[in-house]
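Asks: My structure is below; once you've seen it, I'll send some questions.
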Amino acid sequence: METLTKYELAPYLPYELKVKNNNKVETLNDLHAIETYLGAIWYCKTVEGSFICLKTTVPLLKPLHLFNSIVEITDEMTVREINLMSEGYNVLDFVNYRAVTLMIKNHIDVFGLIDRGLAIDITFLDEQICLSEK
């Protein structure tokens, strides 16, 4: 079974990444440390705190196709880049660095984590929450 790596998770951490931890949603911000140990990613929120394993924690991200609904991102992209993205080309191979950074800042899934089962589509989770509140 494929597992999330700290290299796929780390770019999102400065931008208050939301995660589903067991049955609750929490925000990872101001982390003190992130480590890999025994094949799992562990994070610590404070200097004195204990490490929490990310095996029970799943990032909440927006699907890649939602990039075009965020004007801040599309303003940084050329028409060619937008067309390549729409045709399904790899975002990391064809889109400029500034646009990719904005995608990460806006929690867009640039690494394909949702399709690989390593992240949850936050738009789907938002719909579930809205339905359960009715």
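Just so we're on the same page: first chain in the structure tokens is A, next is B, and so on; residues restart at 1 for each chain, and ligands are numbered from 1 in the order they show up.
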What residues in segment 52-117 of chain A get the DSSP label alpha helix (DSSP H)? Please answer as number ranges by chain.
Replies: A: 71-74, 79-86, 91-94, 97-105
Asks: Within 9 Å of Phe94 of chain A, counting only C-alpha atoms, which residues show up once you throw out same-chain ones fewer than 6 positions away? Write them as a list in words, please.
Replies: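 So, after excluding close chain neighbours, the residues are Glu81, Leu84 and Met85 of chain A.
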Asks: Work out how far apart atom CA of Asn106 of chain A and atom CA of Leu4 of chain A are and give it in Å to one decimal.
Replies: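 These atoms are spaced 19.3 Å apart.
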Asks: Within 10 Å of Ile104 of chain A, counting only C-alpha atoms, which residues show up once you throw out same-chain ones fewer than 5 positions away? Write them as a PyMOL selection string, please.
Replies: chain A and resi 11-15+17+61-62+98-99+109-111
Asks: What is the distance, in Å and to one decimal place, between atom CA of Asp75 of chain A and atom CA of Leu92 of chain A?
Replies: 17.3 Å
Asks: Kindly indicate which residue among A:Thr27, A:Pro63, A:Asn68, A:Glu76 lies nearest to Gly112 of chain A, using only C-alpha atoms for the distances.
Replies: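 Residue with the minimum atom-to-atom distance to Gly112 of chain A: A:Pro63.
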Asks: With distances taken over only C-alpha atoms, which of A:Val25, A:Leu60, A:Asn90, A:Tyr7 is nearest to Ile114 of chain A?
Replies: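 Checking each candidate against Ile114 of chain A, we get A:Leu60 as the closest.
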Asks: With distances taken over only C-alpha atoms, which residue among A:Val95, A:Ile120, A:Leu64, A:Ile108 lies nearest Met77 of chain A?
Replies: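 Going through A:Val95, A:Ile120, A:Leu64, A:Ile108 one by one, the smallest distance to Met77 of chain A is for A:Val95.
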Asks: Please determine, counting only C-alpha atoms, which residue among A:Lys105, A:Val58, A:Asp93, A:Ser86 has the shortest atom-to-atom distance to Ile73 of chain A.
Replies: A:Lys105
Asks: Which distance in Å separates atom CA of Lys18 of chain A and atom CA of Pro59 of chain A, to one decimal?
Replies: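 That distance, rounded to one decimal, is 6.2 Å.
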Asks: Taking only C-alpha atoms into account, name the residue in A:Ser69, A:Thr56, A:Thr101, A:Thr74 that is nearest to Thr3 of chain A.
Replies: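 Nearest to Thr3 of chain A: A:Thr56.
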